[in-house]
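A.B. asks: Contents of upload_27.pdb (PDB, C-alpha atoms) are below:
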ATOM      1  CA  ASP A   1     -24.125 -15.770  -0.298
ATOM      2  CA  THR A   2     -26.261 -13.972   2.279
ATOM      3  CA  LEU A   3     -25.987 -10.598   0.516
ATOM      4  CA  ILE A   4     -26.530 -11.487  -3.168
ATOM      5  CA  THR A   5     -28.791 -14.362  -4.180
ATOM      6  CA  GLU A   6     -27.967 -16.677  -7.075
ATOM      7  CA  GLY A   7     -30.660 -15.037  -9.215
ATOM      8  CA  GLN A   8     -29.382 -11.520  -8.523
ATOM      9  CA  TYR A   9     -25.811 -12.679  -9.091
ATOM     10  CA  PHE A  10     -26.696 -14.190 -12.474
ATOM     11  CA  VAL A  11     -28.413 -10.982 -13.645
ATOM     12  CA  LEU A  12     -25.563  -8.728 -12.446
ATOM     13  CA  MET A  13     -22.864 -10.868 -14.042
ATOM     14  CA  THR A  14     -24.808 -10.936 -17.323
ATOM     15  CA  VAL A  15     -24.987  -7.122 -17.340
ATOM     16  CA  PHE A  16     -21.320  -6.735 -16.420
ATOM     17  CA  ASN A  17     -20.378  -9.289 -19.068
ATOM     18  CA  ALA A  18     -22.101  -7.232 -21.780
ATOM     19  CA  LEU A  19     -20.481  -3.981 -20.571
ATOM     20  CA  ASN A  20     -17.018  -5.508 -20.325
ATOM     21  CA  ALA A  21     -17.326  -7.150 -23.739
ATOM     22  CA  ILE A  22     -18.157  -3.792 -25.367
ATOM     23  CA  LEU A  23     -15.440  -1.906 -23.465
ATOM     24  CA  SER A  24     -12.743  -4.544 -24.053
ATOM     25  CA  MET A  25     -13.456  -4.615 -27.810
ATOM     26  CA  SER A  26     -13.376  -0.805 -27.857
ATOM     27  CA  GLY A  27     -10.078  -0.927 -25.971
ATOM     28  CA  MET A  28      -8.538  -3.335 -28.478
ATOM     29  CA  VAL A  29      -9.589  -1.157 -31.435
ATOM     30  CA  ALA A  30      -8.515   2.118 -29.774
ATOM     31  CA  ASN A  31      -5.142   0.806 -28.653
ATOM     32  CA  THR A  32      -4.453  -0.795 -32.037
ATOM     33  CA  ILE A  33      -4.903   2.678 -33.546
ATOM     34  CA  ASN A  34      -2.648   4.125 -30.810
ATOM     35  CA  ILE A  35       0.118   1.579 -31.460
ATOM     36  CA  VAL A  36       0.080   2.032 -35.244
ATOM     37  CA  THR A  37       0.024   5.831 -34.907
ATOM     38  CA  PHE A  38       2.789   6.147 -32.304
ATOM     39  CA  ARG A  39       5.027   3.802 -34.316
ATOM     40  CA  LYS A  40       4.799   6.257 -37.232
ATOM     41  CA  LEU A  41       5.754   9.248 -35.069
ATOM     42  CA  ASP A  42       9.214  10.142 -33.669
ATOM     43  CA  ALA A  43      10.619   6.847 -32.382
ATOM     44  CA  HIS A  44      13.187   8.586 -30.154
ATOM     45  CA  ASP A  45      10.834  10.845 -28.226
ATOM     46  CA  ASN A  46      10.693   9.831 -24.539
ATOM     47  CA  PHE A  47       7.046  10.579 -23.997
ATOM     48  CA  LEU A  48       5.896   9.035 -27.265
ATOM     49  CA  MET A  49       7.777   5.871 -26.291
ATOM     50  CA  CYS A  50       5.935   5.858 -22.936
ATOM     51  CA  PHE A  51       2.602   6.319 -24.704
ATOM     52  CA  LEU A  52       3.485   3.517 -27.157
ATOM     53  CA  VAL A  53       4.312   1.048 -24.372
ATOM     54  CA  LEU A  54       1.270   2.195 -22.389
ATOM     55  CA  SER A  55      -0.978   1.558 -25.407
ATOM     56  CA  SER A  56       0.636  -1.854 -26.006
ATOM     57  CA  VAL A  57       0.033  -2.981 -22.416
ATOM     58  CA  ASP A  58      -3.509  -1.566 -22.505
ATOM     59  CA  PHE A  59      -4.156  -3.596 -25.676
ATOM     60  CA  LEU A  60      -3.046  -6.797 -23.917
ATOM     61  CA  CYS A  61      -5.244  -5.892 -20.919
ATOM     62  CA  SER A  62      -8.228  -5.388 -23.221
ATOM     63  CA  LEU A  63      -7.485  -8.660 -25.044
ATOM     64  CA  SER A  64      -7.320 -10.578 -21.743
ATOM     65  CA  ALA A  65     -10.545  -8.912 -20.624
ATOM     66  CA  PHE A  66     -12.267  -9.880 -23.879
ATOM     67  CA  ILE A  67     -11.261 -13.537 -23.436
ATOM     68  CA  GLN A  68     -12.628 -13.298 -19.898
ATOM     69  CA  GLN A  69     -15.983 -12.162 -21.259
ATOM     70  CA  VAL A  70     -16.026 -15.064 -23.733
ATOM     71  CA  ALA A  71     -15.485 -17.429 -20.781
ATOM     72  CA  MET A  72     -18.203 -15.633 -18.823
ATOM     73  CA  THR A  73     -20.581 -16.005 -21.787
ATOM     74  CA  PHE A  74     -19.948 -19.777 -21.704
ATOM     75  CA  TRP A  75     -20.685 -19.783 -17.953
ATOM     76  CA  ILE A  76     -23.955 -17.885 -18.560
ATOM     77  CA  LEU A  77     -24.979 -20.448 -21.198
ATOM     78  CA  GLU A  78     -24.199 -23.347 -18.861
ATOM     79  CA  THR A  79     -26.096 -21.747 -15.980
ATOM     80  CA  ALA A  80     -29.100 -20.688 -18.091
ATOM     81  CA  SER A  81     -29.419 -24.231 -19.507
ATOM     82  CA  ASN A  82     -29.186 -25.836 -16.050
ATOM     83  CA  ASN A  83     -25.919 -27.450 -17.193
ATOM     84  CA  LYS A  84     -27.519 -29.128 -20.211
ATOM     85  CA  ILE A  85     -24.904 -27.244 -22.228
ATOM     86  CA  VAL A  86     -21.458 -28.255 -20.952
ATOM     87  CA  PHE A  87     -18.124 -26.977 -22.255
ATOM     88  CA  PRO A  88     -14.884 -29.022 -22.238
ATOM     89  CA  ILE A  89     -13.211 -26.634 -19.769
ATOM     90  CA  GLU A  90     -14.894 -24.988 -16.768
ATOM     91  CA  PRO A  91     -15.697 -21.430 -17.982
ATOM     92  CA  MET A  92     -15.126 -19.862 -14.564
ATOM     93  CA  ALA A  93     -11.629 -21.380 -14.453
ATOM     94  CA  MET A  94     -10.717 -19.653 -17.721
ATOM     95  CA  TYR A  95     -12.321 -16.460 -16.461
ATOM     96  CA  VAL A  96     -10.147 -16.489 -13.334
ATOM     97  CA  MET A  97      -6.914 -17.407 -15.154
ATOM     98  CA  PHE A  98      -7.252 -14.630 -17.736
ATOM     99  CA  GLY A  99      -8.334 -12.314 -14.927
ATOM    100  CA  ASN A 100      -4.975 -13.046 -13.307
ATOM    101  CA  ILE A 101      -3.202 -12.191 -16.568
ATOM    102  CA  ARG A 102      -5.095  -8.901 -16.842
ATOM    103  CA  SER A 103      -4.396  -8.018 -13.191
ATOM    104  CA  CYS A 104      -0.725  -8.854 -13.718
ATOM    105  CA  LEU A 105      -0.493  -6.572 -16.755
ATOM    106  CA  PHE A 106      -2.553  -3.711 -15.329
ATOM    107  CA  SER A 107       0.086  -2.747 -12.751
ATOM    108  CA  ALA A 108       2.356  -1.678 -15.641
ATOM    109  CA  PRO A 109       0.075   1.217 -16.787
ATOM    110  CA  VAL A 110      -0.063   2.387 -13.153
ATOM    111  CA  LEU A 111       3.733   2.652 -12.928
ATOM    112  CA  ILE A 112       4.104   4.059 -16.474
ATOM    113  CA  THR A 113       1.593   6.803 -15.626
ATOM    114  CA  LEU A 114       3.549   7.503 -12.442
ATOM    115  CA  TYR A 115       6.810   7.770 -14.406
ATOM    116  CA  LEU A 116       5.191  10.053 -16.986
ATOM    117  CA  SER A 117       3.801  12.343 -14.286
ATOM    118  CA  ILE A 118       7.039  12.592 -12.297
ATOM    119  CA  SER A 119       9.313  13.087 -15.313
ATOM    120  CA  LYS A 120       7.124  15.736 -16.956
ATOM    121  CA  CYS A 121       6.492  17.514 -13.651
ATOM    122  CA  LEU A 122      10.227  17.784 -12.906
ATOM    123  CA  CYS A 123      10.937  18.951 -16.463
ATOM    124  CA  VAL A 124       8.299  21.663 -16.083
ATOM    125  CA  VAL A 125       9.203  22.839 -12.570
ATOM    126  CA  LYS A 126      13.005  22.651 -12.963
ATOM    127  CA  PRO A 127      13.679  22.342 -16.710
ATOM    128  CA  PHE A 128      17.417  23.089 -16.591
ATOM    129  CA  ASN A 129      18.042  20.559 -13.804
ATOM    130  CA  PHE A 130      15.999  17.612 -15.073
ATOM    131  CA  LYS A 131      15.448  17.973 -18.829
ATOM    132  CA  ASN A 132      18.534  15.890 -19.715
ATOM    133  CA  MET A 133      18.005  13.431 -16.861
ATOM    134  CA  PHE A 134      15.138  11.582 -18.581
ATOM    135  CA  SER A 135      16.987  10.513 -21.710
ATOM    136  CA  PHE A 136      15.523   8.120 -24.264
ATOM    137  CA  LYS A 137      17.870   5.302 -23.188
ATOM    138  CA  ARG A 138      16.977   5.726 -19.506
ATOM    139  CA  THR A 139      13.286   5.813 -20.355
ATOM    140  CA  VAL A 140      13.608   2.504 -22.241
ATOM    141  CA  TRP A 141      15.347   0.922 -19.242
ATOM    142  CA  VAL A 142      12.655   2.222 -16.885
ATOM    143  CA  LEU A 143       9.890   0.833 -19.104
ATOM    144  CA  MET A 144      11.649  -2.541 -19.316
ATOM    145  CA  GLY A 145      11.990  -2.591 -15.527
ATOM    146  CA  ILE A 146       8.311  -1.750 -15.048
ATOM    147  CA  CYS A 147       7.159  -4.525 -17.383
ATOM    148  CA  THR A 148       9.530  -7.051 -15.781
ATOM    149  CA  PHE A 149       8.274  -6.144 -12.304
ATOM    150  CA  ALA A 150       4.638  -6.480 -13.423
ATOM    151  CA  LEU A 151       5.250 -10.008 -14.741
ATOM    152  CA  VAL A 152       7.617 -11.394 -12.095
ATOM    153  CA  SER A 153       5.803 -10.020  -9.037
ATOM    154  CA  TYR A 154       2.631 -11.929  -9.930
ATOM    155  CA  ILE A 155       4.295 -15.369 -10.085
ATOM    156  CA  PRO A 156       3.155 -16.348  -6.527
ATOM    157  CA  VAL A 157      -0.503 -15.855  -7.536
ATOM    158  CA  TYR A 158      -0.028 -17.986 -10.670
ATOM    159  CA  ALA A 159       1.635 -20.681  -8.552
ATOM    160  CA  SER A 160      -1.368 -20.781  -6.191
ATOM    161  CA  THR A 161      -4.039 -20.971  -8.911
ATOM    162  CA  TRP A 162      -4.208 -23.877 -11.337
ATOM    163  CA  VAL A 163      -6.552 -25.484 -13.839
ATOM    164  CA  ILE A 164      -6.447 -29.276 -13.418
ATOM    165  CA  SER A 165      -8.613 -32.110 -14.695
ATOM    166  CA  GLN A 166     -10.889 -33.518 -11.985
ATOM    167  CA  TYR A 167     -14.518 -34.344 -11.248
ATOM    168  CA  ASP A 168     -16.821 -31.318 -11.503
ATOM    169  CA  GLN A 169     -19.866 -31.882  -9.312
ATOM    170  CA  ALA A 170     -21.786 -29.018 -10.948
ATOM    171  CA  VAL A 171     -21.958 -30.779 -14.345
ATOM    172  CA  ASP A 172     -21.430 -34.374 -13.152
ATOM    173  CA  ALA A 173     -18.410 -34.870 -15.392
ATOM    174  CA  THR A 174     -14.622 -34.804 -15.333
ATOM    175  CA  ARG A 175     -13.033 -31.776 -16.994
ATOM    176  CA  PRO A 176     -10.316 -29.146 -16.307
ATOM    177  CA  ILE A 177     -11.599 -26.945 -13.467
ATOM    178  CA  LEU A 178     -10.202 -24.275 -11.165
ATOM    179  CA  TRP A 179      -7.978 -25.478  -8.326
ATOM    180  CA  LEU A 180      -6.722 -23.209  -5.535
ATOM    181  CA  THR A 181      -3.960 -23.997  -3.040
ATOM    182  CA  PRO A 182      -4.897 -23.843   0.679
ATOM    183  CA  TYR A 183      -2.711 -20.747   1.094
ATOM    184  CA  ARG A 184      -4.024 -18.960  -1.988
ATOM    185  CA  ASP A 185      -5.917 -16.290   0.004
ATOM    186  CA  VAL A 186      -2.853 -15.376   2.058
ATOM    187  CA  ILE A 187      -0.622 -15.289  -1.028
ATOM    188  CA  ARG A 188      -3.133 -13.210  -2.976
ATOM    189  CA  ASN A 189      -3.564 -10.673  -0.166
ATOM    190  CA  VAL A 190       0.187 -10.282   0.358
ATOM    191  CA  VAL A 191       0.844  -9.858  -3.373
ATOM    192  CA  TRP A 192      -2.019  -7.395  -3.812
ATOM    193  CA  ILE A 193      -0.880  -5.307  -0.857
ATOM    194  CA  ILE A 194       2.785  -5.240  -1.965
ATOM    195  CA  ARG A 195       2.350  -4.750  -5.732
ATOM    196  CA  ASP A 196      -1.154  -3.284  -6.136
ATOM    197  CA  THR A 197      -2.765  -1.638  -3.107
ATOM    198  CA  PHE A 198       0.177   0.215  -1.554
ATOM    199  CA  PRO A 199       1.851   1.222  -4.859
ATOM    200  CA  SER A 200      -1.528   2.340  -6.264
ATOM    201  CA  MET A 201      -2.248   4.513  -3.218
ATOM    202  CA  ALA A 202       1.280   5.962  -3.195
ATOM    203  CA  SER A 203       1.195   6.512  -6.967
ATOM    204  CA  GLU A 204      -2.143   8.271  -6.728
ATOM    205  CA  MET A 205      -0.864  10.726  -4.098
ATOM    206  CA  ILE A 206       2.327  11.433  -6.047
ATOM    207  CA  ILE A 207       0.418  11.858  -9.322
ATOM    208  CA  ILE A 208      -2.032  14.283  -7.665
ATOM    209  CA  ILE A 209       0.933  16.393  -6.512
ATOM    210  CA  CYS A 210       2.490  16.270 -10.003
ATOM    211  CA  VAL A 211      -0.808  17.222 -11.654
ATOM    212  CA  THR A 212      -1.122  20.174  -9.274
ATOM    213  CA  PHE A 213       2.318  21.506 -10.222
ATOM    214  CA  MET A 214       1.782  20.917 -13.952
ATOM    215  CA  SER A 215      -1.630  22.608 -13.828
ATOM    216  CA  LYS A 216      -0.018  25.604 -12.149
ATOM    217  CA  ALA A 217       2.575  25.730 -14.929
ATOM    218  CA  LEU A 218      -0.190  25.663 -17.545
ATOM    219  CA  ARG A 219      -1.999  28.554 -15.833
ATOM    220  CA  GLU A 220       1.202  30.590 -15.674
ATOM    221  CA  ALA A 221       1.900  29.899 -19.343
ATOM    222  CA  ALA A 222      -1.659  30.919 -20.253
ATOM    223  CA  LYS A 223      -1.295  34.188 -18.292
ATOM    224  CA  PHE A 224       2.036  34.879 -19.977
ATOM    225  CA  ARG A 225       0.598  34.351 -23.457
ATOM    226  CA  ALA A 226      -2.356  36.596 -22.635
ATOM    227  CA  SER A 227      -0.098  39.369 -21.312
ATOM    228  CA  LEU A 228       2.228  38.995 -24.310
ATOM    229  CA  LYS A 229      -0.692  39.376 -26.715
ATOM    230  CA  GLN A 230      -1.776  42.503 -24.844
ATOM    231  CA  ILE A 231       1.741  43.951 -24.999
ATOM    232  CA  ILE A 232       1.978  43.254 -28.727
ATOM    233  CA  LEU A 233      -1.422  44.861 -29.259
ATOM    234  CA  GLU A 234      -0.444  47.939 -27.292
ATOM    235  CA  SER A 235       2.937  48.073 -29.058
ATOM    236  CA  SER A 236       1.204  48.174 -32.414
ATOM    237  CA  LYS A 237      -0.741  51.196 -31.170
ATOM    238  CA  GLY A 238       2.366  52.885 -29.824
ATOM    239  CA  LYS A 239       1.283  52.617 -26.205
ATOM    240  CA  ALA A 240       3.550  49.896 -24.838
ATOM    241  CA  LYS A 241       6.311  50.930 -22.483
ATOM    242  CA  LYS A 242       6.689  47.595 -20.670
ATOM    243  CA  ARG A 243       9.184  44.786 -21.095
ATOM    244  CA  VAL A 244       8.320  41.132 -20.996
ATOM    245  CA  ASN A 245       9.687  39.103 -18.104
ATOM    246  CA  ASN A 246      11.011  36.175 -20.118
ATOM    247  CA  LYS A 247      10.989  33.336 -17.597
ATOM    248  CA  SER A 248      11.951  29.879 -18.752
ATOM    249  CA  GLU A 249       8.837  28.409 -17.201
ATOM    250  CA  ASN A 250       6.647  30.717 -19.245
ATOM    251  CA  THR A 251       8.338  30.168 -22.586
ATOM    252  CA  MET A 252       7.172  26.625 -23.198
ATOM    253  CA  SER A 253       6.433  25.844 -26.801
ATOM    254  CA  PHE A 254       2.972  24.878 -27.981
ATOM    255  CA  SER A 255       4.034  21.217 -28.393
ATOM    256  CA  GLU A 256       5.393  21.136 -24.829
ATOM    257  CA  LEU A 257       2.119  22.513 -23.499
ATOM    258  CA  GLN A 258       0.210  19.852 -25.438
ATOM    259  CA  VAL A 259       2.386  17.081 -23.958
ATOM    260  CA  ILE A 260       1.721  18.437 -20.457
ATOM    261  CA  LYS A 261      -2.018  18.439 -21.159
ATOM    262  CA  GLN A 262      -1.787  14.838 -22.387
ATOM    263  CA  VAL A 263       0.057  13.735 -19.258
ATOM    264  CA  ILE A 264      -2.390  15.561 -16.987
ATOM    265  CA  ALA A 265      -5.403  14.035 -18.771
ATOM    266  CA  VAL A 266      -3.920  10.510 -18.625
ATOM    267  CA  ALA A 267      -3.106  11.027 -14.940
ATOM    268  CA  LEU A 268      -6.629  12.261 -14.132
ATOM    269  CA  ILE A 269      -8.129   9.224 -15.893
ATOM    270  CA  PHE A 270      -5.831   7.017 -13.823
ATOM    271  CA  ILE A 271      -6.871   8.727 -10.565
ATOM    272  CA  ALA A 272     -10.587   8.406 -11.375
ATOM    273  CA  GLY A 273     -10.241   4.725 -12.243
ATOM    274  CA  ASN A 274      -7.679   3.721  -9.633
ATOM    275  CA  THR A 275      -9.503   4.963  -6.512
ATOM    276  CA  PRO A 276     -12.376   2.405  -6.632
ATOM    277  CA  LYS A 277      -9.854  -0.386  -7.293
ATOM    278  CA  VAL A 278      -7.905   0.513  -4.150
ATOM    279  CA  PHE A 279     -11.087   0.372  -2.057
ATOM    280  CA  VAL A 280     -11.929  -3.053  -3.529
ATOM    281  CA  PHE A 281      -8.457  -4.398  -2.677
ATOM    282  CA  ILE A 282      -8.727  -3.085   0.885
ATOM    283  CA  ALA A 283     -12.155  -4.728   1.297
ATOM    284  CA  LEU A 284     -10.817  -8.057   0.023
ATOM    285  CA  ALA A 285      -7.914  -7.930   2.464
ATOM    286  CA  VAL A 286     -10.062  -6.915   5.465
ATOM    287  CA  VAL A 287     -13.029  -9.293   4.944
ATOM    288  CA  PRO A 288     -11.823 -12.947   4.808
ATOM    289  CA  ASP A 289     -15.238 -14.254   3.663
ATOM    290  CA  LEU A 290     -15.059 -12.091   0.530
ATOM    291  CA  ASN A 291     -13.542 -14.765  -1.726
ATOM    292  CA  PHE A 292     -14.176 -17.882  -3.847
ATOM    293  CA  GLY A 293     -15.999 -20.622  -1.965
ATOM    294  CA  GLN A 294     -16.583 -18.362   1.028
ATOM    295  CA  ARG A 295     -19.696 -16.768   2.502
ATOM    296  CA  TYR A 296     -19.705 -13.715   0.213
ATOM    297  CA  GLN A 297     -18.364 -15.297  -2.979
ATOM    298  CA  ASN A 298     -21.149 -13.813  -5.145
ATOM    299  CA  LEU A 299     -20.414 -10.315  -3.846
ATOM    300  CA  TYR A 300     -16.707 -10.964  -4.454
ATOM    301  CA  LYS A 301     -17.306 -11.860  -8.109
ATOM    302  CA  VAL A 302     -19.596  -8.839  -8.604
ATOM    303  CA  LEU A 303     -16.976  -6.502  -7.093
ATOM    304  CA  MET A 304     -14.289  -7.942  -9.356
ATOM    305  CA  ALA A 305     -16.554  -7.576 -12.398
ATOM    306  CA  SER A 306     -17.302  -3.938 -11.527
ATOM    307  CA  ARG A 307     -13.586  -3.314 -11.103
ATOM    308  CA  GLU A 308     -13.043  -4.788 -14.578
ATOM    309  CA  VAL A 309     -15.554  -2.316 -16.046
ATOM    310  CA  ILE A 310     -13.502   0.582 -14.668
ATOM    311  CA  GLU A 311     -10.169  -0.861 -15.844
ATOM    312  CA  ASN A 312     -11.515  -1.616 -19.334
ATOM    313  CA  LEU A 313     -12.845   1.940 -19.529
ATOM    314  CA  ILE A 314      -9.419   3.321 -18.582
ATOM    315  CA  SER A 315      -7.704   1.176 -21.228
ATOM    316  CA  ALA A 316      -9.988   2.551 -23.946
ATOM    317  CA  ALA A 317     -10.171   6.184 -22.785
ATOM    318  CA  ASN A 318      -6.576   7.246 -23.536
ATOM    319  CA  PHE A 319      -7.368   7.250 -27.279
ATOM    320  CA  ILE A 320      -9.573  10.322 -26.739
ATOM    321  CA  VAL A 321      -6.768  12.106 -24.859
ATOM    322  CA  TYR A 322      -4.185  11.485 -27.582
ATOM    323  CA  TYR A 323      -6.593  12.574 -30.321
ATOM    324  CA  LYS A 324      -7.547  15.780 -28.518
ATOM    325  CA  TYR A 325      -4.120  16.988 -27.374
ATOM    326  CA  ASN A 326      -1.689  15.697 -30.019
ATOM    327  CA  SER A 327      -1.868  17.359 -33.435
ATOM    328  CA  LYS A 328       0.679  14.915 -34.917
ATOM    329  CA  TYR A 329      -1.446  12.007 -33.705
ATOM    330  CA  ARG A 330      -4.555  13.493 -35.382
ATOM    331  CA  LYS A 331      -2.703  13.918 -38.698
TER     332      LYS A 331
END
Take the structure I supplied and represent it as structure tokens, if you would.
C.D. replies:
Amino acid sequence: DTLITEGQYFVLMTVFNALNAILSMSGMVANTINIVTFRKLDAHDNFLMCFLVLSSVDFLCSLSAFIQQVAMTFWILETASNNKIVFPIEPMAMYVMFGNIRSCLFSAPVLITLYLSISKCLCVVKPFNFKNMFSFKRTVWVLMGICTFALVSYIPVYASTWVISQYDQAVDATRPILWLTPYRDVIRNVVWIIRDTFPSMASEMIIIICVTFMSKALREAAKFRASLKQIILESSKGKAKKRVNNKSENTMSFSELQVIKQVIAVALIFIAGNTPKVFVFIALAVVPDLNFGQRYQNLYKVLMASREVIENLISAANFIVYYKYNSKYRK
């Protein structure tokens, strides 16, 4: 690699491995708490069901990421010992395979966040038109469809990446190592563009629009509550001669406002974490040498590791949102 030397690459991957190990373990703990908590709450609430499935998928993403870091630790030990320590399976092969599993799963949280944002935005903007549209049964079907799409759409990448037993020149021994089909780069780029890059960019734009409308609704509700308090105060002093304009948009309950805040916070976390990932995918598609066995393979692995840091952080961060904005969750 003409941009990152082997020494620099080893140091960077060691640092990223430590960060990802900490974040993935935090994600597993946080999402375990989320799953147990949401299972004890109302099982027929649409948004709680979305949060439950989101936490479940995030847990699996964190678990896959943790196994990746175990594999990376084995690679670091092999490299640091100049291959005097050799493991039965090539560590980088396991790292890539579980990376594929994590990438496969991570598209589900993207689409679940999109569904949450759209459904809550429509219920806020036009409550009488859309409130009954997003029923519990329909939400379950949508979530099942999202998870099925995430799994099935990644099959071409699995089919182009295998772990087979053959001679490994690096350790001078035969063991299961990574094997890529000749068309793996083309398949990977097509799959990433269709299921990751384009949907992520489109989802981000739609979610930004939804967040804008929901934020406006929150501001209007806050103004209404402030004016109502002022009217009540003046009424108690015998000075009020105004009537309250009781608009449906301004009469949201406290629990509804909290759900909106949760959705907005989850959406903002998604936007912050998704933007760098989109840029990485575009770079991989535009620069052919940014890949395994190519000119910039070290830079490729560093970019993927940095992307993992962001995704692991996203998987663990939702716990803070639920704890802050959901009183039932805190109890």
A.B. asks: From the set A:Leu19, A:Cys104, A:Leu233, A:Ile35, which residue has the shortest atom-to-atom contact distance to Trp192 of chain A, counting all atoms listed in the file?
C.D. replies: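 Once distances to Trp192 of chain A are computed over all atoms listed in the file, the minimum belongs to A:Cys104.
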A.B. asks: From the set A:Ala30, A:Ile155, A:Ala80, A:Leu105, which residue has the shortest atom-to-atom contact distance to Ser64 of chain A, counting only C-alpha atoms?
C.D. replies: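 Of all the options, A:Leu105 lies closest to Ser64 of chain A.
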A.B. asks: When distances are computed from only C-alpha atoms, which of A:Leu178, A:Leu63, A:Leu114, A:Met28 shows the smallest separation from Pro91 of chain A?
C.D. replies: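 With only C-alpha atoms as the atom set, the closest residue is A:Leu178.
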A.B. asks: Between A:Ser315, A:Ala108, A:Lys328, A:Lys137, which one has atoms that come closest to Arg39 of chain A, using all atoms listed in the file?
C.D. replies: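 Closest to Arg39 of chain A, using all atoms listed in the file: A:Lys328.
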A.B. asks: Given the file above and the PyMOL selection byres ((chain A and resi 301) around 9), which residues are selected, and can you give them as an MDAnalysis selection string?
C.D. replies: chainID A and resid 9 13 290:292 296:300 302:306
A.B. asks: Show me, as lines of an AutoDock Vina configuration file, the centre and edge lengths in Å to one decimal of the axis-aligned box that covers every listed atom of segment 17-31 of chain A with 4 Å on each side.
C.D. replies:
center_x = -13.6
center_y = -3.6
center_z = -25.3
size_x = 25.0
size_y = 19.4
size_z = 20.4
A.B. asks: Taking the file above as input, evaluate the PyMOL selection byres ((chain A and resi 195) around 12) and report the hits as a PyMOL selection string.
C.D. replies: chain A and resi 103-108+110-111+146+149-157+187-194+196-203+278+281
A.B. asks: Kindly give the distance, in Å, that separates atom CA of Lys277 of chain A and atom CA of Leu54 of chain A, rounded to a single decimal.
C.D. replies: 18.9 Å
A.B. asks: Evaluate the PyMOL selection byres ((chain A and resi 181) around 9) and record the selected residues as a list in words, following the chain and residue labels used in the document.
C.D. replies: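 Checked against the file, the PyMOL selection byres ((chain A and resi 181) around 9) matches Ala159, Ser160, Thr161, Trp162, Trp179, Leu180, Pro182, Tyr183, Arg184 and Asp185 of chain A.
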A.B. asks: When you look at Phe87 of chain A with a cut-off of 9 Å (counting all atoms listed in the file), what residues show up, excluding the ones that are within fewer than 6 positions of it in the same chain? I need them as a ChimeraX atom specification.
C.D. replies: /A:74-75,78,175
A.B. asks: What is the atom CA of Val280 of chain A-atom CA of Val309 of chain A distance in Å, reported with one decimal?
C.D. replies: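 So the answer is 13.1 Å.
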A.B. asks: My list of candidates is A:Ile76, A:Met25, A:Ile177, A:Ile33. Which is closest to Cys61 of chain A when distances are computed with all atoms listed in the file?
C.D. replies: A:Met25
A.B. asks: Here is a test: counting all atoms listed in the file, which residue of A:Leu60, A:Ala317, A:Ile269, A:Val186 is nearest to Arg102 of chain A?
C.D. replies: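 The closest residue to Arg102 of chain A is A:Leu60.
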A.B. asks: In Å, how far is it from atom CA of Glu6 of chain A to atom CA of Ala285 of chain A?
C.D. replies: 23.9 Å
